[in-house]
$ cat input25.cif   # mmCIF, C-alpha atoms
data_upload
loop_
_atom_site.group_PDB
_atom_site.id
_atom_site.type_symbol
_atom_site.label_atom_id
_atom_site.label_comp_id
_atom_site.auth_asym_id
_atom_site.auth_seq_id
_atom_site.Cartn_x
_atom_site.Cartn_y
_atom_site.Cartn_z
ATOM 1 C CA MET B 20 -1.589 5.123 -5.764
ATOM 2 C CA THR B 21 -2.182 7.030 -2.551
ATOM 3 C CA ASN B 22 -0.945 5.579 0.710
ATOM 4 C CA THR B 23 -3.592 7.393 2.737
ATOM 5 C CA VAL B 24 -5.057 5.223 5.478
ATOM 6 C CA THR B 25 -8.638 5.911 6.502
ATOM 7 C CA ILE B 26 -9.066 4.850 10.124
ATOM 8 C CA LEU B 27 -12.592 3.937 11.204
ATOM 9 C CA MET B 28 -13.435 4.216 14.904
ATOM 10 C CA GLY B 29 -16.745 3.426 16.541
ATOM 11 C CA VAL B 30 -17.232 5.231 19.839
ATOM 12 C CA LEU B 31 -19.632 4.652 22.724
ATOM 13 C CA ASN B 32 -18.957 6.121 26.162
ATOM 14 C CA GLY B 33 -15.215 5.727 25.734
ATOM 15 C CA ALA B 34 -14.071 8.868 27.519
ATOM 16 C CA LYS B 35 -12.209 6.869 30.168
ATOM 17 C CA TRP B 36 -9.843 5.389 27.570
ATOM 18 C CA LEU B 37 -10.158 7.468 24.399
ATOM 19 C CA GLN B 38 -7.357 9.999 24.808
ATOM 20 C CA PRO B 39 -4.443 7.503 24.978
ATOM 21 C CA GLN B 40 -5.711 5.801 21.828
ATOM 22 C CA LEU B 41 -5.990 9.099 19.960
ATOM 23 C CA ASP B 42 -2.511 10.120 21.108
ATOM 24 C CA SER B 43 -1.078 6.834 19.791
ATOM 25 C CA ILE B 44 -2.748 7.450 16.419
ATOM 26 C CA SER B 45 -1.345 10.971 16.212
ATOM 27 C CA GLU B 46 2.172 9.580 16.823
ATOM 28 C CA GLN B 47 2.154 7.023 13.986
ATOM 29 C CA ASP B 48 5.303 6.926 11.853
ATOM 30 C CA HIS B 49 2.998 6.538 8.829
ATOM 31 C CA GLU B 50 1.720 10.098 8.879
ATOM 32 C CA ASP B 51 -0.701 9.915 5.930
ATOM 33 C CA TRP B 52 -3.925 9.077 7.757
ATOM 34 C CA VAL B 53 -7.442 10.394 8.255
ATOM 35 C CA LEU B 54 -9.831 9.386 11.026
ATOM 36 C CA ARG B 55 -13.584 8.889 10.722
ATOM 37 C CA PHE B 56 -15.493 8.654 13.993
ATOM 38 C CA SER B 57 -18.990 7.298 14.510
ATOM 39 C CA ASP B 58 -20.335 8.152 17.960
ATOM 40 C CA ASP B 59 -23.114 5.714 18.768
ATOM 41 C CA GLY B 60 -24.882 7.838 21.351
ATOM 42 C CA SER B 61 -22.264 8.551 24.025
ATOM 43 C CA THR B 62 -23.487 10.224 27.209
ATOM 44 C CA ASP B 63 -20.050 10.830 28.729
ATOM 45 C CA LEU B 64 -17.291 13.226 27.645
ATOM 46 C CA SER B 65 -16.407 11.297 24.468
ATOM 47 C CA SER B 66 -17.742 14.010 22.140
ATOM 48 C CA GLN B 67 -15.650 16.692 23.864
ATOM 49 C CA ILE B 68 -12.510 14.582 23.557
ATOM 50 C CA ILE B 69 -13.240 13.991 19.882
ATOM 51 C CA ARG B 70 -13.778 17.721 19.303
ATOM 52 C CA GLY B 71 -10.488 18.471 20.995
ATOM 53 C CA PHE B 72 -8.685 15.996 18.741
ATOM 54 C CA SER B 73 -10.457 17.440 15.699
ATOM 55 C CA ASP B 74 -9.199 20.902 16.650
ATOM 56 C CA ARG B 75 -5.641 19.543 16.533
ATOM 57 C CA PHE B 76 -6.116 17.910 13.119
ATOM 58 C CA PRO B 77 -9.000 19.805 11.483
ATOM 59 C CA THR B 78 -8.373 18.516 7.953
ATOM 60 C CA ARG B 79 -8.030 14.869 8.950
ATOM 61 C CA ILE B 80 -11.107 14.252 11.101
ATOM 62 C CA HIS B 81 -14.665 13.393 10.094
ATOM 63 C CA CYS B 82 -17.299 13.019 12.831
ATOM 64 C CA GLY B 83 -20.531 11.103 12.323
ATOM 65 C CA HIS B 84 -23.250 9.443 14.352
ATOM 66 C CA GLY B 85 -24.009 5.752 14.684
ATOM 67 C CA PRO B 86 -27.318 3.901 14.307
ATOM 68 C CA ARG B 87 -27.468 2.975 18.027
ATOM 69 C CA THR B 88 -28.080 -0.678 17.213
ATOM 70 C CA GLY B 89 -24.787 -2.203 18.360
ATOM 71 C CA PHE B 90 -21.080 -2.013 17.618
ATOM 72 C CA GLY B 91 -21.325 -4.184 14.490
ATOM 73 C CA ASP B 92 -23.884 -1.893 12.866
ATOM 74 C CA ASN B 93 -21.872 1.150 13.904
ATOM 75 C CA TYR B 94 -18.793 -0.090 12.046
ATOM 76 C CA MET B 95 -20.861 -1.246 9.086
ATOM 77 C CA ARG B 96 -22.210 2.294 8.745
ATOM 78 C CA LEU B 97 -18.638 3.583 8.711
ATOM 79 C CA ILE B 98 -17.747 1.097 5.956
ATOM 80 C CA ARG B 99 -20.892 1.973 3.994
ATOM 81 C CA ASN B 100 -20.045 5.688 4.179
ATOM 82 C CA LEU B 101 -16.440 5.356 3.046
ATOM 83 C CA PRO B 102 -15.536 7.796 0.258
ATOM 84 C CA GLU B 103 -15.690 6.298 -3.208
ATOM 85 C CA LYS B 104 -11.940 6.688 -3.704
ATOM 86 C CA ALA B 105 -10.838 5.637 -0.210
ATOM 87 C CA GLY B 106 -7.451 3.926 -0.170
ATOM 88 C CA TYR B 107 -6.328 1.726 2.700
ATOM 89 C CA THR B 108 -8.809 1.245 5.539
ATOM 90 C CA ALA B 109 -7.903 0.439 9.141
ATOM 91 C CA PHE B 110 -10.128 -0.181 12.154
ATOM 92 C CA ALA B 111 -9.550 1.223 15.628
ATOM 93 C CA ASP B 112 -11.171 0.475 18.960
ATOM 94 C CA GLN B 113 -11.708 3.384 21.318
ATOM 95 C CA ASP B 114 -9.792 1.879 24.211
ATOM 96 C CA ASP B 115 -6.537 0.438 22.831
ATOM 97 C CA VAL B 116 -3.041 1.878 22.456
ATOM 98 C CA TRP B 117 -1.048 1.502 19.228
ATOM 99 C CA SER B 118 2.704 1.341 18.797
ATOM 100 C CA ARG B 119 4.171 3.907 16.393
ATOM 101 C CA GLU B 120 4.769 1.433 13.563
ATOM 102 C CA LYS B 121 1.276 -0.080 13.453
ATOM 103 C CA LEU B 122 -0.023 1.627 10.292
ATOM 104 C CA GLY B 123 3.323 1.596 8.511
ATOM 105 C CA ARG B 124 3.811 -2.141 8.985
ATOM 106 C CA ALA B 125 0.354 -2.896 7.658
ATOM 107 C CA VAL B 126 0.759 -0.708 4.565
ATOM 108 C CA ALA B 127 4.122 -2.321 3.825
ATOM 109 C CA ALA B 128 2.674 -5.820 4.199
ATOM 110 C CA LEU B 129 -0.126 -5.010 1.751
ATOM 111 C CA SER B 130 2.067 -3.315 -0.849
ATOM 112 C CA GLY B 131 2.332 -6.337 -3.170
ATOM 113 C CA PHE B 132 -1.402 -6.979 -3.563
ATOM 114 C CA GLU B 133 -2.629 -3.944 -5.467
ATOM 115 C CA GLU B 134 -5.322 -5.625 -7.599
ATOM 116 C CA THR B 135 -6.347 -8.435 -5.246
ATOM 117 C CA PRO B 136 -8.672 -7.669 -2.323
ATOM 118 C CA THR B 137 -6.419 -8.319 0.660
ATOM 119 C CA LEU B 138 -6.974 -8.163 4.401
ATOM 120 C CA TYR B 139 -4.096 -7.655 6.829
ATOM 121 C CA CYS B 140 -4.340 -8.708 10.485
ATOM 122 C CA GLY B 141 -2.061 -9.915 13.255
ATOM 123 C CA GLN B 142 -1.475 -10.682 16.902
ATOM 124 C CA ARG B 143 -2.200 -8.411 19.852
ATOM 125 C CA TRP B 144 -0.997 -7.937 23.374
ATOM 126 C CA LEU B 145 -3.902 -8.741 25.687
ATOM 127 C CA TRP B 146 -3.270 -5.901 28.093
ATOM 128 C CA TYR B 147 -4.364 -5.638 31.717
ATOM 129 C CA PRO B 148 -3.420 -2.012 32.452
ATOM 130 C CA LYS B 149 -3.818 -2.125 36.249
ATOM 131 C CA THR B 150 -0.817 -4.455 36.486
ATOM 132 C CA ASP B 151 0.565 -3.877 32.968
ATOM 133 C CA ARG B 152 0.292 -7.622 32.409
ATOM 134 C CA ARG B 153 0.617 -8.528 28.731
ATOM 135 C CA ILE B 154 -0.261 -11.843 27.099
ATOM 136 C CA LYS B 155 0.439 -12.427 23.419
ATOM 137 C CA SER B 156 -2.668 -13.580 21.582
ATOM 138 C CA SER B 157 -2.493 -16.948 19.851
ATOM 139 C CA ARG B 158 -1.297 -17.205 16.281
ATOM 140 C CA PRO B 159 -3.415 -19.098 13.716
ATOM 141 C CA ASN B 160 -1.878 -22.374 12.547
ATOM 142 C CA ARG B 161 -3.870 -23.158 9.414
ATOM 143 C CA ASP B 162 -4.683 -21.512 6.094
ATOM 144 C CA PHE B 163 -7.028 -18.546 5.896
ATOM 145 C CA GLU B 164 -9.935 -19.799 3.801
ATOM 146 C CA PHE B 165 -13.692 -19.401 3.536
ATOM 147 C CA ARG B 166 -14.121 -22.872 5.068
ATOM 148 C CA ASN B 167 -12.428 -21.496 8.190
ATOM 149 C CA ALA B 168 -14.247 -18.158 8.077
ATOM 150 C CA LEU B 169 -17.637 -19.895 8.080
ATOM 151 C CA ILE B 170 -17.155 -21.027 11.682
ATOM 152 C CA GLU B 171 -14.333 -18.894 13.119
ATOM 153 C CA ASN B 172 -12.952 -15.388 12.962
ATOM 154 C CA VAL B 173 -9.184 -14.943 13.015
ATOM 155 C CA ALA B 174 -9.154 -11.310 11.849
ATOM 156 C CA ALA B 175 -9.235 -9.326 15.097
ATOM 157 C CA GLY B 176 -10.881 -6.046 14.134
ATOM 158 C CA ASN B 177 -8.433 -3.744 15.893
ATOM 159 C CA THR B 178 -5.563 -5.248 13.874
ATOM 160 C CA VAL B 179 -7.316 -5.229 10.487
ATOM 161 C CA MET B 180 -6.314 -3.147 7.497
ATOM 162 C CA LEU B 181 -7.824 -3.486 4.015
ATOM 163 C CA ASN B 182 -5.926 -2.647 0.857
ATOM 164 C CA PRO B 183 -7.714 -0.342 -1.631
ATOM 165 C CA ALA B 184 -9.181 -3.280 -3.596
ATOM 166 C CA ALA B 185 -10.582 -4.804 -0.401
ATOM 167 C CA THR B 186 -11.872 -1.397 0.681
ATOM 168 C CA ARG B 187 -13.829 -1.056 -2.561
ATOM 169 C CA LEU B 188 -15.214 -4.574 -2.184
ATOM 170 C CA ALA B 189 -16.246 -4.005 1.441
ATOM 171 C CA ARG B 190 -17.928 -0.717 0.590
ATOM 172 C CA GLN B 191 -19.850 -2.347 -2.252
ATOM 173 C CA ALA B 192 -20.876 -5.362 -0.174
ATOM 174 C CA SER B 193 -21.940 -3.274 2.815
ATOM 175 C CA ARG B 194 -24.414 -1.432 0.601
ATOM 176 C CA MET B 195 -26.007 -4.697 -0.510
ATOM 177 C CA ILE B 196 -26.988 -5.962 2.914
ATOM 178 C CA THR B 197 -30.062 -4.985 4.904
ATOM 179 C CA GLN B 198 -29.610 -7.211 7.946
ATOM 180 C CA PRO B 199 -27.298 -6.663 10.923
ATOM 181 C CA VAL B 200 -23.957 -8.432 11.119
ATOM 182 C CA PHE B 201 -22.801 -10.072 14.335
ATOM 183 C CA ALA B 202 -19.342 -8.493 14.094
ATOM 184 C CA HIS B 203 -17.842 -6.397 11.302
ATOM 185 C CA ASP B 204 -14.417 -8.070 11.507
ATOM 186 C CA TRP B 205 -15.809 -11.603 11.144
ATOM 187 C CA TRP B 206 -17.919 -10.373 8.246
ATOM 188 C CA LEU B 207 -14.841 -8.890 6.572
ATOM 189 C CA TYR B 208 -12.936 -12.164 6.971
ATOM 190 C CA GLN B 209 -15.827 -14.060 5.381
ATOM 191 C CA LEU B 210 -16.199 -11.517 2.575
ATOM 192 C CA ILE B 211 -12.528 -11.359 1.601
ATOM 193 C CA THR B 212 -11.953 -15.130 1.662
ATOM 194 C CA GLY B 213 -15.329 -15.876 0.067
ATOM 195 C CA ALA B 214 -14.682 -13.454 -2.792
ATOM 196 C CA GLY B 215 -11.319 -15.019 -3.609
ATOM 197 C CA GLY B 216 -9.196 -12.428 -1.843
ATOM 198 C CA LYS B 217 -6.107 -12.881 0.300
ATOM 199 C CA VAL B 218 -5.282 -12.635 3.992
ATOM 200 C CA VAL B 219 -1.861 -11.424 5.128
ATOM 201 C CA TYR B 220 -1.063 -12.317 8.721
ATOM 202 C CA ASP B 221 1.645 -10.324 10.486
ATOM 203 C CA SER B 222 3.910 -12.687 12.420
ATOM 204 C CA GLY B 223 6.007 -9.893 13.870
ATOM 205 C CA PRO B 224 5.790 -8.571 17.440
ATOM 206 C CA PRO B 225 2.288 -7.290 18.296
ATOM 207 C CA CYS B 226 1.884 -3.565 17.776
ATOM 208 C CA ILE B 227 -1.314 -3.032 19.734
ATOM 209 C CA LEU B 228 -2.170 -3.061 23.417
ATOM 210 C CA TYR B 229 -5.661 -4.575 23.500
ATOM 211 C CA ARG B 230 -7.065 -3.198 26.717
ATOM 212 C CA GLN B 231 -9.002 -5.727 28.794
ATOM 213 C CA HIS B 232 -11.759 -4.374 31.029
ATOM 214 C CA SER B 233 -15.317 -5.156 32.088
ATOM 215 C CA ALA B 234 -16.865 -2.955 29.371
ATOM 216 C CA ASN B 235 -15.233 -4.717 26.378
ATOM 217 C CA ALA B 236 -17.839 -5.290 23.635
ATOM 218 C CA ILE B 237 -16.490 -8.837 23.137
ATOM 219 C CA GLY B 238 -13.093 -9.142 24.828
ATOM 220 C CA ALA B 239 -10.351 -11.666 24.285
ATOM 221 C CA GLY B 240 -11.928 -14.530 26.206
ATOM 222 C CA HIS B 241 -8.585 -15.704 27.593
ATOM 223 C CA GLY B 242 -8.234 -18.520 30.107
ATOM 224 C CA MET B 243 -10.064 -21.604 31.302
ATOM 225 C CA SER B 244 -13.102 -19.752 32.678
ATOM 226 C CA ALA B 245 -13.634 -18.077 29.292
ATOM 227 C CA GLN B 246 -13.457 -21.470 27.544
ATOM 228 C CA ILE B 247 -16.051 -22.929 29.918
ATOM 229 C CA LYS B 248 -18.283 -19.889 29.345
ATOM 230 C CA ARG B 249 -18.018 -20.353 25.562
ATOM 231 C CA LYS B 250 -18.938 -24.045 25.796
ATOM 232 C CA ARG B 251 -21.965 -23.210 27.904
ATOM 233 C CA GLY B 252 -22.894 -20.566 25.364
ATOM 234 C CA VAL B 253 -22.775 -23.155 22.567
ATOM 235 C CA LEU B 254 -25.172 -25.396 24.469
ATOM 236 C CA LYS B 255 -27.509 -22.434 24.966
ATOM 237 C CA GLY B 256 -27.537 -21.813 21.210
ATOM 238 C CA ASN B 257 -25.392 -18.663 21.172
ATOM 239 C CA PHE B 258 -23.014 -20.014 18.521
ATOM 240 C CA ALA B 259 -25.901 -21.189 16.345
ATOM 241 C CA MET B 260 -27.505 -17.733 16.521
ATOM 242 C CA ARG B 261 -24.270 -16.084 15.422
ATOM 243 C CA ILE B 262 -23.901 -18.547 12.554
ATOM 244 C CA GLN B 263 -27.491 -17.877 11.488
ATOM 245 C CA GLN B 264 -26.879 -14.134 11.527
ATOM 246 C CA ASN B 265 -23.709 -14.519 9.465
ATOM 247 C CA LEU B 266 -25.383 -16.784 6.906
ATOM 248 C CA ALA B 267 -28.299 -14.401 6.447
ATOM 249 C CA VAL B 268 -25.875 -11.600 5.567
ATOM 250 C CA LEU B 269 -23.730 -13.822 3.332
ATOM 251 C CA GLY B 270 -26.863 -14.782 1.445
ATOM 252 C CA GLN B 271 -27.370 -11.146 0.483
ATOM 253 C CA ILE B 272 -23.878 -10.841 -1.010
ATOM 254 C CA ARG B 273 -23.820 -14.287 -2.592
ATOM 255 C CA SER B 274 -23.212 -12.767 -6.034
ATOM 256 C CA LEU B 275 -19.815 -11.444 -4.879
ATOM 257 C CA LEU B 276 -18.571 -14.866 -3.800
ATOM 258 C CA THR B 277 -16.618 -17.338 -5.883
ATOM 259 C CA GLU B 278 -18.392 -20.383 -7.275
ATOM 260 C CA GLU B 279 -16.593 -22.611 -4.768
ATOM 261 C CA ALA B 280 -17.609 -20.385 -1.846
ATOM 262 C CA ARG B 281 -21.225 -20.313 -3.013
ATOM 263 C CA HIS B 282 -21.189 -24.120 -3.216
ATOM 264 C CA ASP B 283 -19.775 -24.436 0.319
ATOM 265 C CA LEU B 284 -22.202 -21.848 1.634
ATOM 266 C CA ARG B 285 -25.193 -23.704 0.214
ATOM 267 C CA ARG B 286 -24.037 -27.057 1.619
ATOM 268 C CA PHE B 287 -23.451 -25.460 5.002
ATOM 269 C CA GLU B 288 -26.915 -23.873 4.993
ATOM 270 C CA LEU B 289 -28.571 -27.188 4.135
ATOM 271 C CA ALA B 290 -26.580 -29.026 6.801
ATOM 272 C CA ARG B 291 -27.856 -26.824 9.612
ATOM 273 C CA THR B 292 -31.461 -27.942 9.168
ATOM 274 C CA ALA B 293 -30.827 -31.558 8.104
ATOM 275 C CA ALA B 294 -31.213 -34.670 10.226
ATOM 276 C CA LEU B 295 -28.052 -35.828 12.010
ATOM 277 C CA GLN B 296 -26.670 -38.256 9.426
ATOM 278 C CA GLN B 297 -27.371 -35.971 6.476
ATOM 279 C CA ARG B 298 -26.043 -32.994 8.437
ATOM 280 C CA LEU B 299 -22.706 -34.663 9.026
ATOM 281 C CA LEU B 300 -22.475 -35.841 5.415
ATOM 282 C CA LEU B 301 -23.108 -32.328 4.083
ATOM 283 C CA LEU B 302 -20.624 -30.792 6.505
ATOM 284 C CA ASN B 303 -18.046 -33.371 5.486
ATOM 285 C CA GLU B 304 -18.413 -32.106 1.902
ATOM 286 C CA VAL B 305 -17.648 -28.571 3.064
ATOM 287 C CA ARG B 306 -14.942 -29.606 5.564
ATOM 288 C CA PRO B 307 -15.117 -26.474 7.743
ATOM 289 C CA TYR B 308 -12.299 -26.136 10.239
ATOM 290 C CA ARG B 309 -11.046 -24.014 13.081
ATOM 291 C CA GLN B 310 -7.432 -23.068 13.616
ATOM 292 C CA THR B 311 -6.755 -25.693 16.288
ATOM 293 C CA PRO B 312 -7.588 -29.416 16.343
ATOM 294 C CA VAL B 313 -9.416 -28.944 19.645
ATOM 295 C CA GLY B 314 -11.450 -26.109 18.164
ATOM 296 C CA THR B 315 -12.364 -28.177 15.109
ATOM 297 C CA LEU B 316 -13.348 -31.091 17.315
ATOM 298 C CA GLY B 317 -15.513 -28.761 19.352
ATOM 299 C CA PHE B 318 -17.287 -27.588 16.206
ATOM 300 C CA TRP B 319 -18.084 -31.164 15.180
ATOM 301 C CA GLY B 320 -19.391 -31.808 18.666
ATOM 302 C CA ALA B 321 -21.677 -28.797 18.389
ATOM 303 C CA ALA B 322 -22.759 -29.972 14.908
ATOM 304 C CA SER B 323 -23.619 -33.412 16.293
ATOM 305 C CA LEU B 324 -25.822 -31.759 18.899
ATOM 306 C CA GLY B 325 -27.531 -29.546 16.318
ATOM 307 C CA GLN B 326 -26.018 -26.400 17.842
ATOM 308 C CA ILE B 327 -24.644 -24.760 14.694
#
$ encode --input "input25.cif" --output "structure tokens"
Amino acid sequence: MTNTVTILMGVLNGAKWLQPQLDSISEQDHEDWVLRFSDDGSTDLSSQIIRGFSDRFPTRIHCGHGPRTGFGDNYMRLIRNLPEKAGYTAFADQDDVWSREKLGRAVAALSGFEETPTLYCGQRWLWYPKTDRRIKSSRPNRDFEFRNALIENVAAGNTVMLNPAATRLARQASRMITQPVFAHDWWLYQLITGAGGKVVYDSGPPCILYRQHSANAIGAGHGMSAQIKRKRGVLKGNFAMRIQQNLAVLGQIRSLLTEEARHDLRRFELARTAALQQRLLLLNEVRPYRQTPVGTLGFWGAASLGQI
């Protein structure tokens, strides 16, 4: 089986940060990689930087154009257009910096799961380049299951790698859906766990500098102010809208899910529109959870207020 890693990178006006990321990819100790870009309508110098990189590695680079409907759709198009016989698949942001061992560690971690769709992910350094401040992202404490994926994403997209079986599953599933996803990484976590696959979490030192800046599509949301902002967003219905978007997409790939996942999905869908007592009873059957007790408590608070 080939150890080629196909790296998918969505680009939008990333010229300010793109070159260091591309340099870190070119310096990987796992040298068997190809890179597929999807430029989502950049108006800066991103396309010139990409062309320059393509000139250095003409046989490894594929350049495409995005749908211009958001970063999630841009990555979903990349997944949908993966070659039929693609092997491992990794995801890259345009503004990060990778350590040399990033791809090699992920391939090694996935080596024992050839026939089972498996998703690899791990921790990141939250990186503030102006001061070179680095904060290690939190590590999940609980199992990686569909009941967790329904209400929380632990698979940070810029750390994700799919083994060949998961790549085939993601490509198939992406071609079944007609509605936009909120975020491709959350969707992948739901797909892999819902279809009976595995998640491998790298507990070693982070091998990615996750650049924090004002133009982050989502950002890390670190600190007290970010937590307050999230809670306000829940009360405004932001979390409920994301859940609704996720459920609509999961409904279109229901046939790929295990019987248990389909059962939990249906109960969760019914709970969202039920009266309070019935809502809590149905959710108790599913027992969704987040990775921290405080996070789980927060979800139940949102559920009690009808904000899921």
$ resolve_selection --input "input25.cif" --expression "the PyMOL selection byres ((chain B and resi 305) around 12)" --output "list in words"
Glu164, Phe165, Arg166, Asn167, Leu169, Ile170, Glu279, Ala280, Arg281, His282, Asp283, Leu284, Arg285, Arg286, Phe287, Glu288, Leu289, Ala290, Arg298, Leu299, Leu300, Leu301, Leu302, Asn303, Glu304, Arg306, Pro307 and Tyr308 of chain B
$ residues_around --input "input25.cif" --residues "Arg261 of chain B" --least-positions-apart "5" --cutoff "9 Å" --atoms "all atoms listed in the file" --output "ChimeraX atom specification"
/B:200-201,256,266,327
$ residues_around --input "input25.cif" --residues "Leu54 of chain B" --least-positions-apart "2" --cutoff "8 Å" --atoms "all atoms listed in the file" --output "MDAnalysis selection string"
chainID B and resid 25:28 52 56 79:81
$ residues_around --input "input25.cif" --residues "Val24 of chain B" --least-positions-apart "3" --cutoff "8 Å" --atoms "all atoms listed in the file" --output "ChimeraX atom specification"
/B:51-53,106-109,122
$ resolve_selection --input "input25.cif" --expression "the PyMOL selection byres ((chain B and resi 123-138) around 8)" --output "CSV table (one decimal) with C-alpha atoms, keeping the file's coordinate frame"
chain,number,residue,atom,x,y,z
B,22,ASN,CA,-0.9,5.6,0.7
B,47,GLN,CA,2.2,7.0,14.0
B,48,ASP,CA,5.3,6.9,11.9
B,49,HIS,CA,3.0,6.5,8.8
B,107,TYR,CA,-6.3,1.7,2.7
B,120,GLU,CA,4.8,1.4,13.6
B,121,LYS,CA,1.3,-0.1,13.5
B,122,LEU,CA,0.0,1.6,10.3
B,139,TYR,CA,-4.1,-7.7,6.8
B,140,CYS,CA,-4.3,-8.7,10.5
B,179,VAL,CA,-7.3,-5.2,10.5
B,180,MET,CA,-6.3,-3.1,7.5
B,181,LEU,CA,-7.8,-3.5,4.0
B,182,ASN,CA,-5.9,-2.6,0.9
B,183,PRO,CA,-7.7,-0.3,-1.6
B,184,ALA,CA,-9.2,-3.3,-3.6
B,185,ALA,CA,-10.6,-4.8,-0.4
B,186,THR,CA,-11.9,-1.4,0.7
B,188,LEU,CA,-15.2,-4.6,-2.2
B,208,TYR,CA,-12.9,-12.2,7.0
B,211,ILE,CA,-12.5,-11.4,1.6
B,215,GLY,CA,-11.3,-15.0,-3.6
B,216,GLY,CA,-9.2,-12.4,-1.8
B,217,LYS,CA,-6.1,-12.9,0.3
B,218,VAL,CA,-5.3,-12.6,4.0
B,219,VAL,CA,-1.9,-11.4,5.1
B,221,ASP,CA,1.6,-10.3,10.5
